[in-house]
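S.K.: Handing over data.pdb, PDB, C-alpha atoms.
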ATOM      1  CA  ILE A  67      95.515  27.287  86.151
ATOM      2  CA  LEU A  68      94.520  30.891  85.623
ATOM      3  CA  ASN A  69      93.166  32.446  88.826
ATOM      4  CA  VAL A  70      90.136  34.670  88.362
ATOM      5  CA  GLU A  71      88.873  35.916  91.713
ATOM      6  CA  GLN A  72      85.535  37.504  92.461
ATOM      7  CA  SER A  73      84.435  39.327  95.581
ATOM      8  CA  PRO A  74      82.327  39.298  97.557
ATOM      9  CA  GLN A  75      81.166  35.701  97.304
ATOM     10  CA  SER A  76      77.609  36.746  98.164
ATOM     11  CA  LEU A  77      75.723  39.940  98.783
ATOM     12  CA  HIS A  78      72.312  40.835 100.186
ATOM     13  CA  VAL A  79      70.967  44.305  99.433
ATOM     14  CA  GLN A  80      67.655  46.083  99.726
ATOM     15  CA  GLU A  81      65.585  47.094  96.745
ATOM     16  CA  GLY A  82      66.802  50.462  95.498
ATOM     17  CA  ASP A  83      70.354  50.057  96.797
ATOM     18  CA  SER A  84      73.241  50.429  94.401
ATOM     19  CA  THR A  85      75.940  47.822  94.588
ATOM     20  CA  ASN A  86      79.155  46.704  92.969
ATOM     21  CA  PHE A  87      81.307  43.609  92.698
ATOM     22  CA  THR A  88      84.943  43.030  91.849
ATOM     23  CA  CYS A  89      86.717  40.677  89.480
ATOM     24  CA  SER A  90      90.505  40.371  89.871
ATOM     25  CA  PHE A  91      92.867  38.635  87.485
ATOM     26  CA  PRO A  92      96.523  38.481  86.483
ATOM     27  CA  SER A  93      97.085  41.760  84.699
ATOM     28  CA  SER A  94      99.387  40.548  81.950
ATOM     29  CA  ASN A  95      98.637  38.818  78.667
ATOM     30  CA  PHE A  96      94.907  38.681  78.322
ATOM     31  CA  TYR A  97      92.601  39.421  75.430
ATOM     32  CA  ALA A  98      89.205  40.062  76.982
ATOM     33  CA  LEU A  99      87.136  40.055  80.125
ATOM     34  CA  HIS A 100      83.506  38.928  80.060
ATOM     35  CA  TRP A 101      80.652  39.416  82.527
ATOM     36  CA  TYR A 102      77.712  37.010  82.683
ATOM     37  CA  ARG A 103      74.476  36.947  84.630
ATOM     38  CA  TRP A 104      73.234  33.571  85.816
ATOM     39  CA  GLU A 105      69.750  33.182  87.246
ATOM     40  CA  THR A 106      68.837  30.093  89.235
ATOM     41  CA  ALA A 107      67.670  27.187  87.067
ATOM     42  CA  LYS A 108      68.692  29.002  83.895
ATOM     43  CA  SER A 109      71.822  29.253  81.759
ATOM     44  CA  PRO A 110      74.391  32.041  82.013
ATOM     45  CA  GLU A 111      73.726  35.034  79.779
ATOM     46  CA  ALA A 112      76.347  37.480  78.585
ATOM     47  CA  LEU A 113      76.283  41.038  79.903
ATOM     48  CA  PHE A 114      79.490  42.568  78.601
ATOM     49  CA  VAL A 115      82.663  41.771  76.667
ATOM     50  CA  MET A 116      85.494  44.170  77.487
ATOM     51  CA  THR A 117      88.869  44.334  75.805
ATOM     52  CA  LEU A 118      90.578  47.682  76.344
ATOM     53  CA  ASN A 119      92.055  49.337  79.383
ATOM     54  CA  GLY A 120      89.607  51.979  80.586
ATOM     55  CA  ASP A 121      86.783  50.267  78.709
ATOM     56  CA  GLU A 122      83.340  50.992  80.100
ATOM     57  CA  LYS A 123      80.122  49.247  79.163
ATOM     58  CA  LYS A 124      76.547  49.997  80.144
ATOM     59  CA  LYS A 125      73.250  48.191  79.754
ATOM     60  CA  GLY A 126      70.344  49.842  81.501
ATOM     61  CA  ARG A 127      71.126  50.031  85.218
ATOM     62  CA  ILE A 128      74.178  47.790  84.939
ATOM     63  CA  SER A 129      77.617  49.040  84.005
ATOM     64  CA  ALA A 130      81.172  47.722  84.103
ATOM     65  CA  THR A 131      84.664  49.131  84.042
ATOM     66  CA  LEU A 132      87.985  47.499  83.244
ATOM     67  CA  ASN A 133      91.495  48.276  84.478
ATOM     68  CA  THR A 134      93.904  46.023  82.621
ATOM     69  CA  LYS A 135      97.046  47.538  84.115
ATOM     70  CA  GLU A 136      96.079  46.667  87.672
ATOM     71  CA  GLY A 137      94.041  43.591  86.788
ATOM     72  CA  TYR A 138      90.488  44.245  87.931
ATOM     73  CA  SER A 139      86.997  44.938  86.688
ATOM     74  CA  TYR A 140      84.014  46.346  88.558
ATOM     75  CA  LEU A 141      80.362  45.588  87.863
ATOM     76  CA  TYR A 142      77.885  48.183  89.134
ATOM     77  CA  ILE A 143      74.156  47.851  89.546
ATOM     78  CA  LYS A 144      72.247  51.069  90.169
ATOM     79  CA  GLY A 145      68.965  50.919  92.050
ATOM     80  CA  SER A 146      68.868  47.140  92.530
ATOM     81  CA  GLN A 147      65.588  45.366  91.846
ATOM     82  CA  PRO A 148      64.475  41.876  92.948
ATOM     83  CA  GLU A 149      64.826  40.692  89.357
ATOM     84  CA  ASP A 150      68.550  41.506  89.572
ATOM     85  CA  SER A 151      68.950  38.597  91.977
ATOM     86  CA  ALA A 152      71.356  36.214  90.289
ATOM     87  CA  THR A 153      74.951  35.055  90.284
ATOM     88  CA  TYR A 154      77.270  37.360  88.385
ATOM     89  CA  LEU A 155      80.271  35.708  86.766
ATOM     90  CA  CYS A 156      83.357  37.225  85.281
ATOM     91  CA  ALA A 157      85.581  35.303  82.900
ATOM     92  CA  LEU A 158      88.978  35.915  81.366
ATOM     93  CA  TRP A 159      90.146  35.071  77.875
ATOM     94  CA  GLU A 160      93.885  34.495  78.129
ATOM     95  CA  GLY A 161      96.308  35.724  75.547
ATOM     96  CA  GLY A 162      97.421  33.001  73.178
ATOM     97  CA  GLY A 163      94.545  30.682  74.057
ATOM     98  CA  ASN A 164      91.097  29.794  72.826
ATOM     99  CA  LYS A 165      89.257  29.479  76.092
ATOM    100  CA  LEU A 166      87.410  31.430  78.742
ATOM    101  CA  THR A 167      88.203  30.842  82.425
ATOM    102  CA  PHE A 168      85.457  31.740  84.891
ATOM    103  CA  GLY A 169      85.590  33.066  88.423
ATOM    104  CA  THR A 170      83.348  31.455  91.023
ATOM    105  CA  GLY A 171      80.870  34.311  90.928
ATOM    106  CA  THR A 172      79.137  36.789  93.217
ATOM    107  CA  GLN A 173      75.662  35.749  94.316
ATOM    108  CA  LEU A 174      73.383  38.763  94.639
ATOM    109  CA  LYS A 175      70.063  38.699  96.456
ATOM    110  CA  VAL A 176      67.893  41.803  96.325
ATOM    111  CA  GLU A 177      65.243  41.909  99.014
ATOM    112  CA  LEU A 178      62.059  43.954  99.097
TER     113      LEU A 178
ATOM    114  CA  ASP B  70      68.155  32.181  72.055
ATOM    115  CA  ALA B  71      71.194  30.979  70.164
ATOM    116  CA  GLY B  72      70.503  27.638  68.509
ATOM    117  CA  ILE B  73      72.129  25.286  70.999
ATOM    118  CA  THR B  74      70.596  22.000  72.042
ATOM    119  CA  GLN B  75      72.016  19.714  74.680
ATOM    120  CA  SER B  76      70.902  16.123  74.970
ATOM    121  CA  PRO B  77      69.902  14.433  77.100
ATOM    122  CA  ARG B  78      68.624  17.043  79.570
ATOM    123  CA  HIS B  79      68.729  14.591  82.440
ATOM    124  CA  LYS B  80      70.482  11.269  82.866
ATOM    125  CA  VAL B  81      71.016   8.830  85.682
ATOM    126  CA  THR B  82      73.674   6.207  85.155
ATOM    127  CA  GLU B  83      75.655   3.708  87.150
ATOM    128  CA  THR B  84      79.304   3.898  88.120
ATOM    129  CA  GLY B  85      81.533   2.371  85.483
ATOM    130  CA  THR B  86      79.232   2.852  82.513
ATOM    131  CA  PRO B  87      80.172   5.022  79.529
ATOM    132  CA  VAL B  88      78.089   8.128  78.941
ATOM    133  CA  THR B  89      77.983  10.506  75.972
ATOM    134  CA  LEU B  90      76.487  13.977  76.101
ATOM    135  CA  ARG B  91      75.715  15.814  72.912
ATOM    136  CA  CYS B  92      75.821  19.480  72.078
ATOM    137  CA  HIS B  93      74.278  20.535  68.778
ATOM    138  CA  GLN B  94      74.373  24.066  67.352
ATOM    139  CA  THR B  95      72.714  25.637  64.351
ATOM    140  CA  GLU B  96      74.742  28.872  64.421
ATOM    141  CA  ASN B  97      77.818  27.662  62.515
ATOM    142  CA  HIS B  98      80.019  28.992  65.324
ATOM    143  CA  ARG B  99      83.657  27.981  65.366
ATOM    144  CA  TYR B 100      84.229  27.596  69.105
ATOM    145  CA  MET B 101      82.468  25.075  71.327
ATOM    146  CA  TYR B 102      83.020  24.380  75.010
ATOM    147  CA  TRP B 103      82.031  21.922  77.698
ATOM    148  CA  TYR B 104      81.836  23.209  81.271
ATOM    149  CA  ARG B 105      80.694  21.565  84.462
ATOM    150  CA  GLN B 106      78.944  23.376  87.290
ATOM    151  CA  ASP B 107      79.524  22.332  90.878
ATOM    152  CA  PRO B 108      78.697  24.134  94.133
ATOM    153  CA  GLY B 109      81.594  26.308  95.236
ATOM    154  CA  HIS B 110      83.413  25.935  91.932
ATOM    155  CA  GLY B 111      81.327  27.896  89.483
ATOM    156  CA  LEU B 112      81.916  26.863  85.887
ATOM    157  CA  ARG B 113      84.999  24.784  85.163
ATOM    158  CA  LEU B 114      86.183  24.042  81.645
ATOM    159  CA  ILE B 115      86.418  20.380  80.682
ATOM    160  CA  HIS B 116      87.335  20.467  76.988
ATOM    161  CA  TYR B 117      86.927  22.880  74.146
ATOM    162  CA  SER B 118      87.075  22.964  70.370
ATOM    163  CA  TYR B 119      88.295  25.701  68.076
ATOM    164  CA  GLY B 120      87.321  23.983  64.846
ATOM    165  CA  VAL B 121      86.372  20.655  63.350
ATOM    166  CA  LYS B 122      88.696  17.999  64.775
ATOM    167  CA  ASP B 123      90.573  20.687  66.744
ATOM    168  CA  THR B 124      90.107  20.144  70.459
ATOM    169  CA  ASP B 125      92.045  20.813  73.627
ATOM    170  CA  LYS B 126      91.863  20.110  77.332
ATOM    171  CA  GLY B 127      90.507  22.412  79.974
ATOM    172  CA  GLU B 128      91.255  22.468  83.681
ATOM    173  CA  VAL B 129      89.219  19.373  84.656
ATOM    174  CA  SER B 130      89.646  17.056  81.667
ATOM    175  CA  ASP B 131      90.618  13.830  83.468
ATOM    176  CA  GLY B 132      88.055  11.099  82.805
ATOM    177  CA  TYR B 133      86.513  12.924  79.839
ATOM    178  CA  SER B 134      87.071  12.837  76.103
ATOM    179  CA  VAL B 135      85.511  14.855  73.291
ATOM    180  CA  SER B 136      85.004  14.681  69.584
ATOM    181  CA  ARG B 137      84.012  17.192  66.952
ATOM    182  CA  SER B 138      83.650  15.601  63.530
ATOM    183  CA  LYS B 139      81.462  18.391  62.149
ATOM    184  CA  THR B 140      80.878  22.021  62.976
ATOM    185  CA  GLU B 141      77.480  21.575  64.555
ATOM    186  CA  ASP B 142      78.174  18.735  66.993
ATOM    187  CA  PHE B 143      80.461  18.507  70.005
ATOM    188  CA  LEU B 144      80.297  15.269  71.989
ATOM    189  CA  LEU B 145      81.480  14.793  75.546
ATOM    190  CA  THR B 146      82.173  11.215  76.652
ATOM    191  CA  LEU B 147      82.693   9.914  80.138
ATOM    192  CA  GLU B 148      84.605   6.711  79.450
ATOM    193  CA  SER B 149      83.719   5.108  82.785
ATOM    194  CA  ALA B 150      81.461   7.288  84.876
ATOM    195  CA  THR B 151      82.308   7.923  88.528
ATOM    196  CA  SER B 152      80.277   9.524  91.292
ATOM    197  CA  SER B 153      82.589  12.563  91.216
ATOM    198  CA  GLN B 154      81.286  13.258  87.721
ATOM    199  CA  THR B 155      77.790  13.876  89.030
ATOM    200  CA  SER B 156      77.255  17.450  87.938
ATOM    201  CA  VAL B 157      75.419  19.798  85.625
ATOM    202  CA  TYR B 158      77.146  20.032  82.266
ATOM    203  CA  PHE B 159      76.866  23.119  80.081
ATOM    204  CA  CYS B 160      77.794  23.435  76.450
ATOM    205  CA  ALA B 161      78.636  26.883  75.102
ATOM    206  CA  ILE B 162      79.426  28.313  71.675
ATOM    207  CA  SER B 163      81.200  31.397  70.388
ATOM    208  CA  ASP B 164      81.774  32.658  66.857
ATOM    209  CA  ARG B 165      84.746  35.023  67.018
ATOM    210  CA  GLY B 166      86.669  33.931  70.058
ATOM    211  CA  HIS B 167      87.631  36.462  72.714
ATOM    212  CA  ASN B 168      85.620  39.353  71.259
ATOM    213  CA  SER B 169      82.301  37.566  71.222
ATOM    214  CA  PRO B 170      80.237  36.328  74.144
ATOM    215  CA  LEU B 171      79.544  32.698  74.911
ATOM    216  CA  HIS B 172      76.032  31.415  74.365
ATOM    217  CA  PHE B 173      75.083  28.567  76.633
ATOM    218  CA  GLY B 174      72.848  25.555  76.213
ATOM    219  CA  ASN B 175      70.264  24.628  78.828
ATOM    220  CA  GLY B 176      72.502  22.155  80.588
ATOM    221  CA  THR B 177      72.489  18.403  81.205
ATOM    222  CA  ARG B 178      72.022  17.156  84.732
ATOM    223  CA  LEU B 179      74.000  13.925  85.133
ATOM    224  CA  THR B 180      73.743  11.721  88.198
ATOM    225  CA  VAL B 181      76.150   8.819  88.627
ATOM    226  CA  THR B 182      74.968   6.326  91.244
TER     227      THR B 182
END
Starting from the file, give its structure as structure tokens.

M.R.:
Amino acid sequence: ILNVEQSPQSLHVQEGDSTNFTCSFPSSNFYALHWYRWETAKSPEALFVMTLNGDEKKKGRISATLNTKEGYSYLYIKGSQPEDSATYLCALWEGGGNKLTFGTGTQLKVEL
Amino acid sequence: DAGITQSPRHKVTETGTPVTLRCHQTENHRYMYWYRQDPGHGLRLIHYSYGVKDTDKGEVSDGYSVSRSKTEDFLLTLESATSSQTSVYFCAISDRGHNSPLHFGNGTRLTVT
């Protein structure tokens, strides 16, 4: 079973703080890394799909970087807002397969 | 929202009964997936399909079977439901594989008593 690890497991920050999470994975033989945002009582929604070493993606205050050689990706949130509170999932698409394997997520709570 | 409908949305069933969950899409996407969500485990893949009649097992496939006889429908069957299969089940679709994001349905909450 492919091991996709996310840290920290949970995080509490104050409104306006910037924060980041880590996704670690086996560095060989993968096709893509995805990030998803999952709000309570809703379905996961895609944030980014990343495929190349050094790839960087940005959407508003959220950005992500990918290091395929060392097997990690960072998700950054600048100036956290209460509406950013959610679980953030990363997922790996293995080389030679047709499936996405998810990490267990980082639960972010942004407090006023 | 991507056109994905899961049915039923909620179901309570008894141990030992068969249960079928349906995922229907209107996007003509090639890939379809069934995940289950459990506390502490995130999303775990049960089965997936990469085309009509092309399916494969995920990491937690024991006790589940699937069928995909047409592009738009992907059925998940619990042959004989057990309490350990109490979970929230999510269907997801993708059109181009690794380069395209998954779009998720609204989930089916299944309780096995």

S.K.: Check every residue of chain B for an atom within 8 Å of chain A, counting only C-alpha atoms, and provide those that qualify as a ChimeraX atom specification.

M.R.: /B:109-114,117,119,128,166-176

S.K.: Translate the PyMOL selection byres ((chain A and resi 70) around 6) into a concrete residue list for this structure, as number ranges by chain.

M.R.: A: 69, 71, 90-91, 169

S.K.: Contacts of Leu145 (chain B) at 6 Å or less, counting all atoms listed in the file, minus same-chain residues fewer than 2 places along, as a list in words?

M.R.: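 Listed by chain and then number, they are Thr89, Leu90, Ser134 and Val135 of chain B.
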
S.K.: Go ahead and find all residues with at least one atom no further than 7 Å from (80.3, 5.9, 75.8) in the file's coordinates, using only C-alpha atoms; report them as JSON, numbers by chain.

M.R.: {"B": [87, 88, 89, 146, 147, 148]}

S.K.: Just the residues within 8 Å of region 135-150 of chain A, please, counting only C-alpha atoms, with nothing from its chain fewer than 6 positions along; format it as a ChimeraX atom specification.

M.R.: /A:79-94,119,127-129,174-178

S.K.: If I take CA of Ser153 (chain B) and CA of Val181 (chain B), how far is one from the other in Å, to one decimal?

M.R.: 7.9 Å

S.K.: For the structure shown, which residues end up in the PyMOL selection byres ((chain B and resi 74) around 8)? Put them as an NGL selection string, please?

M.R.: :B and (72-73 or 75-76 or 92-94 or 174-175)

S.K.: What residues come out when you apply the PyMOL selection byres ((chain B and resi 179) around 9) to this file, written as a list in words?

M.R.: Arg78, His79, Lys80, Val81, Thr82, Gln154, Thr155, Ser156, Val157, Tyr158, Thr177, Arg178, Thr180 and Val181 of chain B
